[in-house]
2 protein chains.
Amino acid sequence: MSAFLLRDVRPLGGVVADVLAVDGLIAAIGPAITPPEGCTVEDGGGALLLPGLVEGHSHLDKTMWGLPWYHNDVGPALTDKIDNERHVRAATNHDAGAASLAMARRFLAAGTTAIRSFVDVDTDAGLKHLHGLLATKATMAPVQRMQVVAFPQSGILRRPGTDAVLDQAMAAGADVVGGLDPCGIDRDPVRHLDIVFGLAQKHGKPVDIHLHEPGEMGAFSLDLILERTAALGMRGTVVVSHGFCLAMIEPAARDALLARMAAWEVAIATTAAPSRPVPTVPMCRAAGVTLFAGNDGIRDTWGPYGTPDMLERAMIVGLRSNLRRDEELGWALEAVASQGARGCRFEDHGLTAGSRADLVLVAAQTVAEAIAGRPRRALVVSAGRVVARDGVLVGGV
Amino acid sequence: MSAFLLRDVRPLGGVVADVLAVDGLIAAIGPAITPPEGCTVEDGGGALLLPGLVEGHSHLDKTMWGLPWYHNDVGPALTDKIDNERHVRAATNHDAGAASLAMARRFLAAGTTAIRSFVDVDTDAGLKHLHGLLATKATMAPVQRMQVVAFPQSGILRRPGTDAVLDQAMAAGADVVGGLDPCGIDRDPVRHLDIVFGLAQKHGKPVDIHLHEPGEMGAFSLDLILERTAALGMRGTVVVSHGFCLAMIEPAARDALLARMAAWEVAIATTAAPSRPVPTVPMCRAAGVTLFAGNDGIRDTWGPYGTPDMLERAMIVGLRSNLRRDEELGWALEAVASQGARGCRFEDHGLTAGSRADLVLVAAQTVAEAIAGRPRRALVVSAGRVVARDGVLVGGV
């Protein structure tokens with residue numbers, strides 16, 4: 001038995017408590033817990049305790065973090081960015097394994113103990129990037145949970161043969177089947193979605209579809225996604241990423257789509273992009289739809305922004321949805337914690353007995369202050385093991 | 001004569017140069033400058049050199065930075081926030097002098113050498129907060145330029161007697177006359193604007209008007225503002241803060257207003273609020289309108305967000321306007337530097353001979369990286385004097 005007791009912390013800013021972890025799970029949380037024999041004891045000093053943070057939409061394979069600055073001179077269209085990236089990666093022999101490992105470690109040091117990452121698979125690169133991500137997943141497995149989404153960034157139908165590469169990716173160990181703008185990129189929504197959902201059925205895996213499509217076009221694609229979710233009985237296993245269309249269509253049409261999403265537990269992943277219409281936190285809460293957050297690309301050929309810090313993403317969620325009251329900032333935290341775990345199905349997440357002992361301590365008075373100020377993480381615990389102190393990985397991680 | 005030579009820096013990421021400051025001004029900038037006798041020499045180590053940063057729209061009097069966390073439970077309307085704040089400040093005896101000084105110092109440590117701050121004047125507080133701001137301005141004068149805007153936060157006509165308080169504020173040393181939502185708050189745009197512009201004429205001072213009003217209502221108020229600007233020949237001395245309406249009306253009507261703003265050099269101050277329609281950088285560049293940025297409130301009763309770091313604000317400007325190319329991120333820097341100086345009329349700003357020697361060094365390869373990553377300021381020089389190192393004030397500041 002391995003036991004770890006974290007004393008004198010304030011879970012989500014509430015009353016002071018101790019947290020006892022046994023064999024990686026929270027065994028008890030409450031006042032003045034007596035440590036079992038041989039238990040490691042850590043003093044939390046009254047700091048704010050957050051659950052392990054969840055990065056719900058990332059592209060760890062793409063990042064150029066730590067490399068020489070990428071001078072971005074890319075055109076404005078989505079296809080400009082897609083084509084540029086595929087060429088740059090081939091020309092520079094970009095190492096998705098090294099890039100993703102460096103970024104996963106930075107995320108962990110900032111308290112992110114669960115990550116969903118897309119990885120590009122296409123007819124140029126094949127499964128090269130996927131193997132890099134799977135290696136990172138295996139390396140980090142003792143201290144960080146990771147889901148890898150096989151993602152047809154360059155389209156499926158636009159580049160014939162991609163469906164077979166996706167199939168191979170799922171066979172090789174990808175956790176989720178990805179899709180992308182069935183109308184806007186692939187120009188044949190039925191065939192695109194039939195391939196994506198067909199692979200999900202074949203491999204018994206969930207689906208996560210990038211849907212940038214605006215207005216009525218996006219709503220049409222979403223309608224087709226929901227139709228297939230219901231027909232295949234895939235409750236709780238479909239995520240729509242971005243979903244800009246939901247913020248662009250008439251409220252009645254939007255609410256009808258949101259009601260179907262709630263019924264089939266189709267979740268939305270968002271970056272809370274300040275420059276785009278996005279589904280907001282209040283909109284999704286009112287509809288009972290799970291909304292969670294991710295950084296999307298961090299410092300890659302798509303754009304220069306982003307840091308591997310989910311509290312910074314929570315701040316952007318708060319700014320984008322104009323969340324100001326302390327209660328509302330609690331919702332922003334949920335978007336990078338409980339809602340992320342629910343949407344991605346990272347089981348046993350949370351600050352309750354029986355959950356995985358993923359614990360994050362920050363020097364802040366309240367959850368709202370933690371989000372607004374994003375202080376360095378004083379302590380990060382993953383599955384009952386101390387993995388970082390003051391923003392730096394420790395303990396051989 | 002006081003001389004300071006900063007060696008081996010890359011102005012805006014360009015070729016390596018030295019910068020010589022004499023008596024607080026840049027005397028020369030170029031390769032291998034020979035220091036005059038008795039000159040202090042500092043090695044820049046090849047770091048990126050930025051000009052002094054400009055905070056163009058702040059409310060230093062309101063911040064609760066460093067105080068116990070303010071639990072925000074305020075209602076959603078603008079008047080909810082205004083009334084709540086006035087009551088909280090009276091009840092807690094909020095010290096605008098101490099708050100503004102603490103924040104001005106944090107801004108300086110992060111490279112902000114010029115600040116425009118509003119300060120509330122009203123019939124409850126009178127000039128109390130103004131005196132606090134003027135004290136901060138005087139204290140910081142050797143190392144930081146500050147403009148104080150007398151701001152009728154609670155309205156002018158809604159609270160009779162405020163016009164007289166504003167007049168007293170200008171007589172007491174305020175630099176700029178403030179106004180606020182002539183239709184939306186004061187419900188009598190002509191009387192409101194006639195008071196604001198009348199005080200500007202009486203005291204020979206510029207104007208800065210908060211314009212949150214949406215759509216056609218805001219456009220109408222802006223029309224009235226431009227009418228008065230032209231009638232009084234106030235070219236280059238009027239700022240409209242926020243100007244959400246410009247992002248809400250028909251493009252033809254918007255472009256007509258922007259053309260008049262360009263002609264009369266009426267500038268826009270923006271926070272680049274992610275949750276509101278805002279005038280964007282490309283929109284204003286295309287029209288030849290000066291657009292500069294500020295934080296608005298930082299951690300006050302209005303909201304929990306914000307940090308005294310103009311590179312973080314530049315990042316939000318970039319995110320809000322979807323600026324991704326390196327060239328575009330240069331525009332985001334301008335919004336917190338040259339455009340701020342132009343809009344607020346901080347004279348002699350910039351990295352050219354004859355300008356004030358306000359210099360900021362950061363460990364970044366490019367301007368884009370400085371904005372995306374917001375590294376700690378390695379060195380801050382104000383008027384040729386080193387005032388901060390590694391984010392900490394030095395030299396008795």
# chains A, B, ... in the order shown; residues from 1 in each chain; ligands from 1

$ residues_around --residues "segment 2-9 of chain B" --least-positions-apart "6" --cutoff "10 Å" --atoms "only C-alpha atoms" --output "PDB file with N, CA and C atoms, in the first residue's frame"
ATOM      1  N   VAL B  15      18.346  44.165 -36.714  1.00  0.00           N
ATOM      2  CA  VAL B  15      19.779  43.908 -36.577  1.00  0.00           C
ATOM      3  C   VAL B  15      20.303  44.501 -35.270  1.00  0.00           C
ATOM      4  N   VAL B  16      21.382  43.902 -34.794  1.00  0.00           N
ATOM      5  CA  VAL B  16      21.964  44.301 -33.510  1.00  0.00           C
ATOM      6  C   VAL B  16      22.416  45.760 -33.561  1.00  0.00           C
ATOM      7  N   ALA B  17      22.146  46.473 -32.466  1.00  0.00           N
ATOM      8  CA  ALA B  17      22.525  47.888 -32.394  1.00  0.00           C
ATOM      9  C   ALA B  17      22.857  48.246 -30.956  1.00  0.00           C
ATOM     10  N   ASP B  18      23.474  49.417 -30.794  1.00  0.00           N
ATOM     11  CA  ASP B  18      23.642  50.036 -29.482  1.00  0.00           C
ATOM     12  C   ASP B  18      22.687  51.230 -29.413  1.00  0.00           C
ATOM     13  N   VAL B  19      22.320  51.610 -28.187  1.00  0.00           N
ATOM     14  CA  VAL B  19      21.467  52.785 -27.999  1.00  0.00           C
ATOM     15  C   VAL B  19      22.146  53.707 -26.982  1.00  0.00           C
ATOM     16  N   LEU B  20      22.389  54.923 -27.384  1.00  0.00           N
ATOM     17  CA  LEU B  20      22.991  55.904 -26.480  1.00  0.00           C
ATOM     18  C   LEU B  20      21.933  56.911 -26.041  1.00  0.00           C
ATOM     19  N   ALA B  21      21.796  57.041 -24.719  1.00  0.00           N
ATOM     20  CA  ALA B  21      20.869  58.030 -24.167  1.00  0.00           C
ATOM     21  C   ALA B  21      21.673  59.135 -23.493  1.00  0.00           C
ATOM     22  N   VAL B  22      21.318  60.360 -23.785  1.00  0.00           N
ATOM     23  CA  VAL B  22      21.968  61.496 -23.144  1.00  0.00           C
ATOM     24  C   VAL B  22      20.882  62.408 -22.573  1.00  0.00           C
ATOM     25  N   ASP B  23      21.014  62.680 -21.292  1.00  0.00           N
ATOM     26  CA  ASP B  23      20.042  63.528 -20.604  1.00  0.00           C
ATOM     27  C   ASP B  23      18.599  63.071 -20.836  1.00  0.00           C
ATOM     28  N   GLY B  24      18.430  61.750 -20.818  1.00  0.00           N
ATOM     29  CA  GLY B  24      17.075  61.199 -20.858  1.00  0.00           C
ATOM     30  C   GLY B  24      16.509  60.976 -22.244  1.00  0.00           C
ATOM     31  N   LEU B  25      17.229  61.433 -23.268  1.00  0.00           N
ATOM     32  CA  LEU B  25      16.732  61.243 -24.638  1.00  0.00           C
ATOM     33  C   LEU B  25      17.668  60.329 -25.414  1.00  0.00           C
ATOM     34  N   ILE B  26      17.125  59.653 -26.424  1.00  0.00           N
ATOM     35  CA  ILE B  26      17.980  58.840 -27.289  1.00  0.00           C
ATOM     36  C   ILE B  26      18.819  59.786 -28.147  1.00  0.00           C
ATOM     37  N   ALA B  27      20.150  59.692 -27.983  1.00  0.00           N
ATOM     38  CA  ALA B  27      21.048  60.544 -28.766  1.00  0.00           C
ATOM     39  C   ALA B  27      21.451  59.852 -30.057  1.00  0.00           C
ATOM     40  N   ALA B  28      21.582  58.540 -29.996  1.00  0.00           N
ATOM     41  CA  ALA B  28      21.969  57.798 -31.199  1.00  0.00           C
ATOM     42  C   ALA B  28      21.542  56.348 -31.040  1.00  0.00           C
ATOM     43  N   ILE B  29      21.270  55.719 -32.165  1.00  0.00           N
ATOM     44  CA  ILE B  29      20.930  54.300 -32.169  1.00  0.00           C
ATOM     45  C   ILE B  29      21.545  53.718 -33.433  1.00  0.00           C
ATOM     46  N   GLY B  30      22.423  52.718 -33.267  1.00  0.00           N
ATOM     47  CA  GLY B  30      23.115  52.168 -34.425  1.00  0.00           C
ATOM     48  C   GLY B  30      24.229  51.253 -33.996  1.00  0.00           C
ATOM     49  N   PRO B  31      25.044  50.801 -34.945  1.00  0.00           N
ATOM     50  CA  PRO B  31      26.090  49.838 -34.619  1.00  0.00           C
ATOM     51  C   PRO B  31      27.266  50.485 -33.883  1.00  0.00           C
ATOM     52  N   ALA B  32      27.806  49.765 -32.923  1.00  0.00           N
ATOM     53  CA  ALA B  32      29.101  50.071 -32.297  1.00  0.00           C
ATOM     54  C   ALA B  32      29.284  51.547 -31.935  1.00  0.00           C
ATOM     55  N   ILE B  33      28.416  52.052 -31.053  1.00  0.00           N
ATOM     56  CA  ILE B  33      28.527  53.451 -30.623  1.00  0.00           C
ATOM     57  C   ILE B  33      29.614  53.568 -29.553  1.00  0.00           C
ATOM     58  N   THR B  34      30.488  54.563 -29.689  1.00  0.00           N
ATOM     59  CA  THR B  34      31.527  54.805 -28.693  1.00  0.00           C
ATOM     60  C   THR B  34      30.927  55.601 -27.531  1.00  0.00           C
ATOM     61  N   PRO B  35      31.051  55.065 -26.309  1.00  0.00           N
ATOM     62  CA  PRO B  35      30.452  55.781 -25.176  1.00  0.00           C
ATOM     63  C   PRO B  35      31.212  57.077 -24.866  1.00  0.00           C
ATOM     64  N   PRO B  36      30.501  58.149 -24.586  1.00  0.00           N
ATOM     65  CA  PRO B  36      31.185  59.369 -24.134  1.00  0.00           C
ATOM     66  C   PRO B  36      31.788  59.148 -22.751  1.00  0.00           C
ATOM     67  N   GLU B  37      32.645  60.043 -22.353  1.00  0.00           N
ATOM     68  CA  GLU B  37      33.324  59.912 -21.066  1.00  0.00           C
ATOM     69  C   GLU B  37      32.302  59.935 -19.925  1.00  0.00           C
ATOM     70  N   GLY B  38      32.501  59.056 -18.952  1.00  0.00           N
ATOM     71  CA  GLY B  38      31.621  59.024 -17.788  1.00  0.00           C
ATOM     72  C   GLY B  38      30.282  58.354 -18.044  1.00  0.00           C
ATOM     73  N   CYS B  39      30.164  57.726 -19.191  1.00  0.00           N
ATOM     74  CA  CYS B  39      28.891  57.101 -19.579  1.00  0.00           C
ATOM     75  C   CYS B  39      28.733  55.755 -18.879  1.00  0.00           C
ATOM     76  N   THR B  40      27.541  55.483 -18.336  1.00  0.00           N
ATOM     77  CA  THR B  40      27.209  54.162 -17.829  1.00  0.00           C
ATOM     78  C   THR B  40      26.966  53.236 -19.013  1.00  0.00           C
ATOM     79  N   VAL B  41      27.549  52.053 -18.972  1.00  0.00           N
ATOM     80  CA  VAL B  41      27.383  51.116 -20.081  1.00  0.00           C
ATOM     81  C   VAL B  41      26.713  49.843 -19.576  1.00  0.00           C
ATOM     82  N   GLU B  42      25.708  49.405 -20.307  1.00  0.00           N
ATOM     83  CA  GLU B  42      24.976  48.182 -19.943  1.00  0.00           C
ATOM     84  C   GLU B  42      24.993  47.247 -21.142  1.00  0.00           C
ATOM     85  N   ASP B  43      25.239  45.965 -20.884  1.00  0.00           N
ATOM     86  CA  ASP B  43      25.252  44.986 -21.971  1.00  0.00           C
ATOM     87  C   ASP B  43      23.865  44.365 -22.121  1.00  0.00           C
ATOM     88  N   GLY B  44      23.291  44.490 -23.298  1.00  0.00           N
ATOM     89  CA  GLY B  44      21.954  43.943 -23.537  1.00  0.00           C
ATOM     90  C   GLY B  44      21.943  42.470 -23.904  1.00  0.00           C
ATOM     91  N   GLY B  45      23.124  41.918 -24.178  1.00  0.00           N
ATOM     92  CA  GLY B  45      23.203  40.474 -24.433  1.00  0.00           C
ATOM     93  C   GLY B  45      22.404  40.011 -25.636  1.00  0.00           C
ATOM     94  N   GLY B  46      22.179  40.891 -26.591  1.00  0.00           N
ATOM     95  CA  GLY B  46      21.466  40.492 -27.805  1.00  0.00           C
ATOM     96  C   GLY B  46      19.964  40.362 -27.632  1.00  0.00           C
ATOM     97  N   ALA B  47      19.444  40.869 -26.519  1.00  0.00           N
ATOM     98  CA  ALA B  47      18.009  40.720 -26.256  1.00  0.00           C
ATOM     99  C   ALA B  47      17.178  41.601 -27.195  1.00  0.00           C
ATOM    100  N   LEU B  48      15.901  41.289 -27.237  1.00  0.00           N
ATOM    101  CA  LEU B  48      14.947  42.064 -28.034  1.00  0.00           C
ATOM    102  C   LEU B  48      14.674  43.394 -27.334  1.00  0.00           C
ATOM    103  N   LEU B  49      14.763  44.484 -28.094  1.00  0.00           N
ATOM    104  CA  LEU B  49      14.491  45.818 -27.529  1.00  0.00           C
ATOM    105  C   LEU B  49      13.130  46.315 -28.003  1.00  0.00           C
ATOM    106  N   LEU B  50      12.311  46.683 -27.031  1.00  0.00           N
ATOM    107  CA  LEU B  50      11.016  47.304 -27.318  1.00  0.00           C
ATOM    108  C   LEU B  50      11.035  48.733 -26.794  1.00  0.00           C
ATOM    109  N   ALA B 357      14.283  58.274 -23.876  1.00  0.00           N
ATOM    110  CA  ALA B 357      14.972  56.979 -23.787  1.00  0.00           C
ATOM    111  C   ALA B 357      14.229  56.043 -22.838  1.00  0.00           C
ATOM    112  N   LEU B 359      13.154  52.313 -22.673  1.00  0.00           N
ATOM    113  CA  LEU B 359      13.621  51.104 -23.343  1.00  0.00           C
ATOM    114  C   LEU B 359      13.241  49.875 -22.529  1.00  0.00           C
ATOM    115  N   LEU B 361      13.815  45.645 -22.444  1.00  0.00           N
ATOM    116  CA  LEU B 361      14.492  44.458 -22.972  1.00  0.00           C
ATOM    117  C   LEU B 361      13.767  43.193 -22.518  1.00  0.00           C
ATOM    118  N   VAL B 362      13.568  42.281 -23.472  1.00  0.00           N
ATOM    119  CA  VAL B 362      12.983  40.987 -23.119  1.00  0.00           C
ATOM    120  C   VAL B 362      13.750  39.876 -23.815  1.00  0.00           C
ATOM    121  N   VAL B 381      14.263  50.753 -18.829  1.00  0.00           N
ATOM    122  CA  VAL B 381      14.934  52.046 -18.730  1.00  0.00           C
ATOM    123  C   VAL B 381      13.897  53.131 -18.966  1.00  0.00           C
ATOM    124  N   ALA B 383      13.566  57.261 -19.369  1.00  0.00           N
ATOM    125  CA  ALA B 383      14.313  58.515 -19.546  1.00  0.00           C
ATOM    126  C   ALA B 383      15.801  58.316 -19.256  1.00  0.00           C
ATOM    127  N   GLY B 384      16.330  57.232 -19.804  1.00  0.00           N
ATOM    128  CA  GLY B 384      17.763  56.975 -19.697  1.00  0.00           C
ATOM    129  C   GLY B 384      18.226  56.413 -18.379  1.00  0.00           C
ATOM    130  N   ARG B 385      17.303  56.086 -17.494  1.00  0.00           N
ATOM    131  CA  ARG B 385      17.644  55.584 -16.159  1.00  0.00           C
ATOM    132  C   ARG B 385      17.124  54.164 -15.996  1.00  0.00           C
ATOM    133  N   VAL B 386      17.974  53.252 -15.509  1.00  0.00           N
ATOM    134  CA  VAL B 386      17.532  51.872 -15.264  1.00  0.00           C
ATOM    135  C   VAL B 386      16.576  51.872 -14.072  1.00  0.00           C
TER     136      VAL B 386
END

$ interface_residues --of "chain A" --to "chain B" --cutoff "8 Å" --atoms "only C-alpha atoms" --output "ChimeraX atom specification"
/A:68-69,71-74,273-275,302-307,315,319-322,324-327,365-366,368-369,372-373

$ select_by_dssp --residues "segment 7-116 of chain A" --states "alpha helix (DSSP H)" --output "tab-separated table (two decimals) with C-alpha atoms, in the first residue's frame"
chain	number	residue	atom	x	y	z
A	78	LEU	CA	-8.13	27.35	-43.43
A	79	THR	CA	-6.72	25.43	-46.39
A	80	ASP	CA	-3.71	27.81	-46.52
A	81	LYS	CA	-2.86	26.77	-42.97
A	82	ILE	CA	-3.47	23.08	-43.57
A	83	ASP	CA	-1.36	22.92	-46.73
A	84	ASN	CA	1.42	25.10	-45.29
A	85	GLU	CA	1.69	22.91	-42.22
A	86	ARG	CA	1.86	19.65	-44.12
A	87	HIS	CA	4.66	21.06	-46.28
A	88	VAL	CA	6.60	22.57	-43.36
A	89	ARG	CA	6.45	19.36	-41.38
A	90	ALA	CA	7.69	17.30	-44.29
A	91	ALA	CA	10.43	19.81	-45.12
A	92	THR	CA	11.73	20.14	-41.56
A	96	ALA	CA	5.99	14.93	-33.24
A	97	GLY	CA	7.22	12.58	-30.54
A	98	ALA	CA	9.79	14.98	-29.10
A	99	ALA	CA	7.49	17.99	-29.47
A	100	SER	CA	4.55	16.30	-27.79
A	101	LEU	CA	6.65	14.95	-24.94
A	102	ALA	CA	8.13	18.36	-24.17
A	103	MET	CA	4.69	19.92	-24.19
A	104	ALA	CA	3.04	17.15	-22.14
A	105	ARG	CA	5.70	17.63	-19.48
A	106	ARG	CA	5.07	21.39	-19.38
A	107	PHE	CA	1.36	20.75	-19.05
A	108	LEU	CA	1.98	18.36	-16.16
A	109	ALA	CA	4.19	20.87	-14.36

$ residues_around --residues "Arg145 of chain B" --least-positions-apart "3" --cutoff "10 Å" --atoms "only C-alpha atoms" --output "VMD selection string"
chain B and resid 54 112 to 116 137 to 138 140 to 142 346 382

$ select_by_dssp --residues "segment 15-55 of chain B" --states "strand (DSSP E or B)" --output "VMD selection string"
chain B and resid 17 to 22 25 to 30 40 to 51 53 to 55

$ atom_distance --atom1 "atom CA of Val149 of chain A" --atom2 "atom CA of Pro214 of chain A"
23.2 Å

$ closest_residue --among "B:Pro51, B:Asp296, B:Thr290, B:Asp223" --to "Arg10 of chain B" --atoms "only C-alpha atoms"
B:Pro51

$ residues_around --residues "Asp390 of chain B" --least-positions-apart "3" --cutoff "8 Å" --atoms "only C-alpha atoms" --output "number ranges by chain"
B: 376-379

$ write_last_selection --atoms "all heavy atoms" --output "short mmCIF file (atom, residue, chain, number, x, y, z; two decimals), in the first residue's frame"
data_model
loop_
_atom_site.label_atom_id
_atom_site.label_comp_id
_atom_site.auth_asym_id
_atom_site.auth_seq_id
_atom_site.Cartn_x
_atom_site.Cartn_y
_atom_site.Cartn_z
N ARG B 376 9.28 37.79 -18.70
CA ARG B 376 9.63 38.82 -17.73
C ARG B 376 10.52 39.87 -18.40
O ARG B 376 11.34 39.54 -19.25
CB ARG B 376 10.38 38.15 -16.58
CG ARG B 376 10.65 39.04 -15.42
CD ARG B 376 11.33 38.27 -14.31
NE ARG B 376 10.38 37.38 -13.63
CZ ARG B 376 10.70 36.60 -12.61
NH1 ARG B 376 11.93 36.58 -12.15
NH2 ARG B 376 9.78 35.85 -12.04
N ARG B 377 10.37 41.12 -18.01
CA ARG B 377 11.18 42.18 -18.59
C ARG B 377 12.59 42.12 -17.98
O ARG B 377 12.76 42.30 -16.76
CB ARG B 377 10.57 43.56 -18.31
CG ARG B 377 9.12 43.78 -18.72
CD ARG B 377 8.76 43.32 -20.14
NE ARG B 377 7.93 42.12 -20.12
CZ ARG B 377 6.62 42.10 -20.02
NH1 ARG B 377 5.96 43.24 -19.97
NH2 ARG B 377 5.94 40.97 -20.00
N ALA B 378 13.57 41.86 -18.81
CA ALA B 378 14.95 41.74 -18.32
C ALA B 378 15.47 43.08 -17.82
O ALA B 378 16.19 43.16 -16.83
CB ALA B 378 15.84 41.20 -19.43
N LEU B 379 15.11 44.15 -18.53
CA LEU B 379 15.58 45.49 -18.17
C LEU B 379 14.55 46.52 -18.60
O LEU B 379 13.98 46.41 -19.68
CB LEU B 379 16.92 45.79 -18.88
CG LEU B 379 17.66 47.05 -18.45
CD1 LEU B 379 18.37 46.80 -17.12
CD2 LEU B 379 18.67 47.49 -19.50
#

$ residues_around --residues "Gly204 of chain B" --least-positions-apart "3" --cutoff "10 Å" --atoms "only C-alpha atoms" --output "list in words"
Met170, Asp175, Val176, Val177, Phe197, Gly198, Leu199, Ala200, Gln201 and Val207 of chain B

$ residues_around --residues "Ala219 of chain B" --least-positions-apart "2" --cutoff "9 Å" --atoms "only C-alpha atoms" --output "list in words"
Glu213, Pro214, Gly215, Glu216, Met217, Ser221, Leu222, Asp223, Leu224, Gly243, Cys245, Leu246, Ile249, Ala253, Arg254 and Leu257 of chain B

$ write_last_selection --atoms "all heavy atoms" --output "short mmCIF file (atom, residue, chain, number, x, y, z; two decimals), in the first residue's frame"
data_model
loop_
_atom_site.label_atom_id
_atom_site.label_comp_id
_atom_site.auth_asym_id
_atom_site.auth_seq_id
_atom_site.Cartn_x
_atom_site.Cartn_y
_atom_site.Cartn_z
N GLU B 213 -22.18 52.36 -25.61
CA GLU B 213 -23.51 52.25 -26.22
C GLU B 213 -23.50 51.40 -27.48
O GLU B 213 -22.65 51.57 -28.35
CB GLU B 213 -24.03 53.65 -26.56
CG GLU B 213 -24.27 54.51 -25.32
CD GLU B 213 -24.48 55.99 -25.66
OE1 GLU B 213 -24.43 56.34 -26.85
OE2 GLU B 213 -24.68 56.77 -24.72
N PRO B 214 -24.46 50.49 -27.59
CA PRO B 214 -24.45 49.58 -28.75
C PRO B 214 -25.05 50.21 -30.00
O PRO B 214 -25.76 51.21 -29.94
CB PRO B 214 -25.30 48.41 -28.26
CG PRO B 214 -26.26 49.03 -27.30
CD PRO B 214 -25.50 50.15 -26.63
N GLY B 215 -24.74 49.58 -31.11
CA GLY B 215 -25.41 49.78 -32.39
C GLY B 215 -25.70 51.24 -32.76
O GLY B 215 -24.85 52.12 -32.63
N GLU B 216 -26.91 51.47 -33.21
CA GLU B 216 -27.28 52.78 -33.75
C GLU B 216 -27.24 53.86 -32.67
O GLU B 216 -26.97 55.03 -32.97
CB GLU B 216 -28.67 52.72 -34.38
CG GLU B 216 -28.80 51.71 -35.50
CD GLU B 216 -27.88 52.01 -36.68
OE1 GLU B 216 -27.39 53.15 -36.79
OE2 GLU B 216 -27.62 51.10 -37.48
N MET B 217 -27.52 53.49 -31.42
CA MET B 217 -27.47 54.50 -30.36
C MET B 217 -26.03 54.99 -30.19
O MET B 217 -25.79 56.20 -30.13
CB MET B 217 -27.99 53.93 -29.04
CG MET B 217 -27.91 54.94 -27.90
SD MET B 217 -28.87 54.47 -26.45
CE MET B 217 -27.98 53.04 -25.86
N SER B 221 -24.40 58.81 -30.80
CA SER B 221 -23.54 59.56 -29.86
C SER B 221 -22.20 59.89 -30.51
O SER B 221 -21.67 61.00 -30.34
CB SER B 221 -23.31 58.73 -28.59
OG SER B 221 -24.48 58.65 -27.81
N LEU B 222 -21.65 58.94 -31.24
CA LEU B 222 -20.35 59.18 -31.90
C LEU B 222 -20.48 60.30 -32.93
O LEU B 222 -19.58 61.14 -33.07
CB LEU B 222 -19.86 57.87 -32.53
CG LEU B 222 -18.52 57.90 -33.26
CD1 LEU B 222 -17.42 58.52 -32.40
CD2 LEU B 222 -18.13 56.49 -33.70
N ASP B 223 -21.59 60.30 -33.64
CA ASP B 223 -21.88 61.37 -34.60
C ASP B 223 -21.86 62.72 -33.89
O ASP B 223 -21.23 63.70 -34.35
CB ASP B 223 -23.24 61.07 -35.24
CG ASP B 223 -23.65 62.12 -36.28
OD1 ASP B 223 -22.82 62.95 -36.68
OD2 ASP B 223 -24.83 62.10 -36.68
N LEU B 224 -22.51 62.80 -32.74
CA LEU B 224 -22.54 64.06 -31.98
C LEU B 224 -21.14 64.44 -31.49
O LEU B 224 -20.79 65.63 -31.45
CB LEU B 224 -23.50 63.94 -30.79
CG LEU B 224 -24.98 63.72 -31.11
CD1 LEU B 224 -25.79 63.64 -29.82
CD2 LEU B 224 -25.54 64.81 -32.01
N GLY B 243 -16.06 52.13 -27.98
CA GLY B 243 -16.65 52.28 -29.31
C GLY B 243 -17.21 50.98 -29.87
O GLY B 243 -17.08 50.69 -31.07
N CYS B 245 -20.03 50.23 -30.73
CA CYS B 245 -21.00 50.45 -31.81
C CYS B 245 -20.37 50.29 -33.19
O CYS B 245 -21.04 49.85 -34.13
CB CYS B 245 -21.64 51.83 -31.68
SG CYS B 245 -20.47 53.21 -31.80
N LEU B 246 -19.10 50.63 -33.30
CA LEU B 246 -18.45 50.55 -34.62
C LEU B 246 -18.40 49.13 -35.16
O LEU B 246 -18.26 48.92 -36.36
CB LEU B 246 -17.04 51.14 -34.55
CG LEU B 246 -16.99 52.67 -34.45
CD1 LEU B 246 -15.62 53.14 -33.99
CD2 LEU B 246 -17.36 53.30 -35.79
N ILE B 249 -22.70 48.17 -36.40
CA ILE B 249 -23.56 48.83 -37.38
C ILE B 249 -23.20 48.39 -38.80
O ILE B 249 -22.22 47.68 -39.01
CB ILE B 249 -23.48 50.37 -37.24
CG1 ILE B 249 -22.04 50.85 -37.46
CG2 ILE B 249 -24.01 50.79 -35.88
CD1 ILE B 249 -21.87 52.36 -37.39
N ALA B 253 -22.21 52.67 -42.87
CA ALA B 253 -22.32 53.67 -41.81
C ALA B 253 -21.06 53.70 -40.96
O ALA B 253 -20.56 54.77 -40.58
CB ALA B 253 -23.55 53.38 -40.94
N ARG B 254 -20.53 52.52 -40.68
CA ARG B 254 -19.29 52.43 -39.91
C ARG B 254 -18.14 53.13 -40.63
O ARG B 254 -17.41 53.94 -40.03
CB ARG B 254 -18.94 50.94 -39.72
CG ARG B 254 -17.62 50.69 -39.04
CD ARG B 254 -17.16 49.26 -39.27
NE ARG B 254 -16.74 49.06 -40.65
CZ ARG B 254 -16.63 47.88 -41.25
NH1 ARG B 254 -16.91 46.78 -40.60
NH2 ARG B 254 -16.23 47.79 -42.52
N LEU B 257 -18.30 56.87 -40.42
CA LEU B 257 -17.84 57.38 -39.11
C LEU B 257 -16.32 57.28 -38.99
O LEU B 257 -15.66 58.22 -38.51
CB LEU B 257 -18.52 56.60 -37.98
CG LEU B 257 -20.00 56.92 -37.75
CD1 LEU B 257 -20.65 55.88 -36.84
CD2 LEU B 257 -20.17 58.33 -37.15
#
